[in-house]
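Contents: one structure, followed by commentary.
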Amino acid sequence: MSQHLAPALPESPLSERHIRILDAAEGVFARSGFHVATMQDVAAEAGMSPGNLYRYFNSKDAIIAGMAERDRSTIAADFAGLCPSKGSLLDQLEEIGRKHLVRQPREKAVIALQIWAEAARNEQMASMCADIEGSLMEGLIAAISEAKRNGELPATLDEQSFLLAISMMADGFFCRRGIEPHFDAEAGADVLFRSMRTLARTMLLPEIETQP
């Protein structure tokens with residue numbers, strides 16, 4: 001995998017053809033891996049000629065960057081839709097979590113493992129991962145701050161520890177789902193989100209003792 005990731009997506013909304021290619025690439029990469037899969041494999045999966053594929057993405061790296069940017073944009077949009085008028089913040093966060101962790105095909109988890117492994121030795125891939133993580137954390141921080149202001153969450157919630165805990169749990173969930181073909185995603189999600197709700201009410205900042 002080269003160290004340079006070409007620009008992946010147009011500034012305008014994705015065309016039907018871009019979407020078809022990204023969907024096809026996800027299937028191919030999940031089955032064969034980034035390094036083994038070829039542009040010809042992606043073209044065949046998308047039902048187009050290799051020459052036509054290159055009109056939209058000029059390399060596998062560009063496709064991977066496109067997949068990452070699509071995920072980042074989706075996550076950002078989901079968190080932008082959080083609103084107190086829609087009910088409990090924790091309920092809304094659980095719905096977003098189930099959308100991405102459970103209702104998405106298992107191939108998403110398989111690809112995530114490949115991306116993380118590649119990011120350990122590829123600075124550009126690591127940067128893409130950081131962008132996705134940044135969008136996720138930005139949305140969570142804003143939502144948690146609002147929930148603390150309106151009283152849904154304790155004002156003394158240790159936000160930094162809470163965010164670290166739930167992000168590690170979500171990463172672990174993705175690893176289990178990607179590695180274990182028969183992993184029960186619904187049961188795993190139930191455990192994850194029960195834990196999230198417990199931590200949201202018990203992971204508090206230590207009380208500061210005041211001098212008499």
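How things are named: the first chain in the structure tokens is A, the next is B, and so on; residues count from 1 in each chain; ligands count from 1 in the order shown.
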
| task | Write down as a PyMOL selection string the residues belonging to range 100-199 of chain A that are assigned helix (DSSP H, G or I) by DSSP computed on the backbone. | result | chain A and resi 100-103+106-119+123-149+159-179+185-199

Name the residues in contact with Phe193 in chain A at a cut-off of 9 Å, using only C-alpha atoms, excluding same-chain residues fewer than 6 positions from it; report them as a PDB file with N, CA and C atoms, in the first residue's frame.
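Wrote it out as around-v4.pdb, contents follow:
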```pdb
ATOM      1  N   LEU A  90     -28.983   9.212  25.950  1.00  0.00           N
ATOM      2  CA  LEU A  90     -28.453   7.853  25.963  1.00  0.00           C
ATOM      3  C   LEU A  90     -29.231   6.952  25.012  1.00  0.00           C
ATOM      4  N   GLU A  94     -27.507   5.160  21.859  1.00  0.00           N
ATOM      5  CA  GLU A  94     -27.634   3.715  21.643  1.00  0.00           C
ATOM      6  C   GLU A  94     -28.149   3.430  20.231  1.00  0.00           C
ATOM      7  N   GLY A  97     -25.302   3.858  17.921  1.00  0.00           N
ATOM      8  CA  GLY A  97     -24.386   2.738  18.101  1.00  0.00           C
ATOM      9  C   GLY A  97     -24.884   1.470  17.444  1.00  0.00           C
ATOM     10  N   ILE A 166     -16.049   3.950  26.707  1.00  0.00           N
ATOM     11  CA  ILE A 166     -17.008   3.484  25.709  1.00  0.00           C
ATOM     12  C   ILE A 166     -16.356   3.327  24.334  1.00  0.00           C
TER      13      ILE A 166
END
```

Within 12 Å of range 13-21 of chain A: each range 63-142 of chain A residue with its shortest pair, only C-alpha atoms, as a Markdown table:
```
| residue | atom | partner | partner_atom | distance |
| --- | --- | --- | --- | --- |
| A:Ile63 | CA | A:Ile21 | CA | 8.2 |
| A:Ile64 | CA | A:Ile21 | CA | 10.9 |
| A:Gly66 | CA | A:His18 | CA | 9.0 |
| A:Met67 | CA | A:Ile19 | CA | 9.5 |
| A:Glu69 | CA | A:Leu14 | CA | 11.2 |
| A:Arg70 | CA | A:Leu14 | CA | 9.1 |
| A:Ser73 | CA | A:Pro13 | CA | 10.9 |
```

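Candidate residues A:Ile111, A:Ile141, A:Leu89, A:Met48 were compared for distance to Ala30 in chain A, and the nearest is A:Ile111, using only C-alpha atoms.
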
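Coordinates place CA of Ser195 in chain A at a distance of 22.8 Å from CA of Glu207 in chain A.
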
Of A:Ala25, A:Ala112, A:Ala187, A:Leu199, the one nearest to Gln40 in chain A when counting only C-alpha atoms is A:Ala25

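Across the model, the gap from CA of Ile115 in chain A to CA of Asp41 in chain A is 18.9 Å.
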
- Query: Residues at most 12 Å from Gly172 in chain A, counting only C-alpha atoms, excluding those fewer than 5 positions away in the same chain, as a VMD selection string?
  - Reply: chain A and resid 101 109 112 to 113 165 to 167 177 to 180 185 188 to 189 192

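The list of residues with at least one atom within 12 Å of Glu159 in chain A, based on only C-alpha atoms and without residues fewer than 2 positions apart in the same chain, reads Met137, Leu140, Ile141, Ala142, Ala143, Ile144, Ser145, Ala147, Lys148, Leu153, Pro154, Ala155, Thr156, Leu157, Ser161, Phe162, Leu163, Leu164, Ala165, Ile166, Ser167, Leu199, Ala200, Arg201, Thr202, Met203, Leu204 and Leu205 of chain A.
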
Among A:Ala24, A:Ala80, A:Met125, A:Ala170, Arg98 in chain A is approached most closely, using only C-alpha atoms, by A:Ala170

As a check of understanding: the span from CA of Glu146 in chain A to CA of Gly134 in chain A is 18.4 Å

Considering only C-alpha atoms, return as a short mmCIF file (atom, residue, chain, number, x, y, z; two decimals) with N, CA, C and O atoms, in the first residue's frame whatever protein or nucleic-acid residues lie within 9 Å of Val28 in chain A, sequence-local ones (same chain, fewer than 4 positions apart) excluded.
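Output (result03.cif):
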```cif
data_model
loop_
_atom_site.label_atom_id
_atom_site.label_comp_id
_atom_site.auth_asym_id
_atom_site.auth_seq_id
_atom_site.Cartn_x
_atom_site.Cartn_y
_atom_site.Cartn_z
N ASP A 23 -19.42 0.44 -2.33
CA ASP A 23 -20.08 -0.77 -1.81
C ASP A 23 -19.41 -2.03 -2.34
O ASP A 23 -19.19 -3.00 -1.60
N ALA A 24 -19.08 -2.02 -3.63
CA ALA A 24 -18.42 -3.18 -4.23
C ALA A 24 -17.05 -3.40 -3.61
O ALA A 24 -16.66 -4.53 -3.29
N SER A 32 -11.05 -10.52 0.39
CA SER A 32 -9.69 -10.79 -0.07
C SER A 32 -8.60 -10.01 0.66
O SER A 32 -7.44 -10.41 0.63
N GLY A 33 -8.97 -8.91 1.32
CA GLY A 33 -7.98 -8.06 1.95
C GLY A 33 -7.51 -6.98 0.99
O GLY A 33 -7.57 -7.13 -0.23
N PHE A 34 -7.04 -5.85 1.55
CA PHE A 34 -6.61 -4.73 0.73
C PHE A 34 -5.50 -5.13 -0.25
O PHE A 34 -5.51 -4.74 -1.41
N ALA A 37 -6.62 -7.91 -3.08
CA ALA A 37 -7.64 -7.44 -4.01
C ALA A 37 -7.03 -6.50 -5.05
O ALA A 37 -6.07 -5.79 -4.78
N THR A 38 -7.60 -6.51 -6.24
CA THR A 38 -7.12 -5.65 -7.33
C THR A 38 -8.23 -4.71 -7.78
O THR A 38 -9.41 -4.91 -7.47
N ASP A 41 -10.73 -6.62 -9.63
CA ASP A 41 -11.72 -7.30 -8.78
C ASP A 41 -12.85 -6.35 -8.40
O ASP A 41 -14.03 -6.72 -8.43
N VAL A 42 -12.48 -5.13 -8.05
CA VAL A 42 -13.50 -4.14 -7.67
C VAL A 42 -14.39 -3.80 -8.86
O VAL A 42 -15.62 -3.71 -8.73
N GLU A 45 -16.85 -6.58 -9.43
CA GLU A 45 -17.89 -6.58 -8.39
C GLU A 45 -18.90 -5.46 -8.63
O GLU A 45 -20.10 -5.61 -8.36
#
```
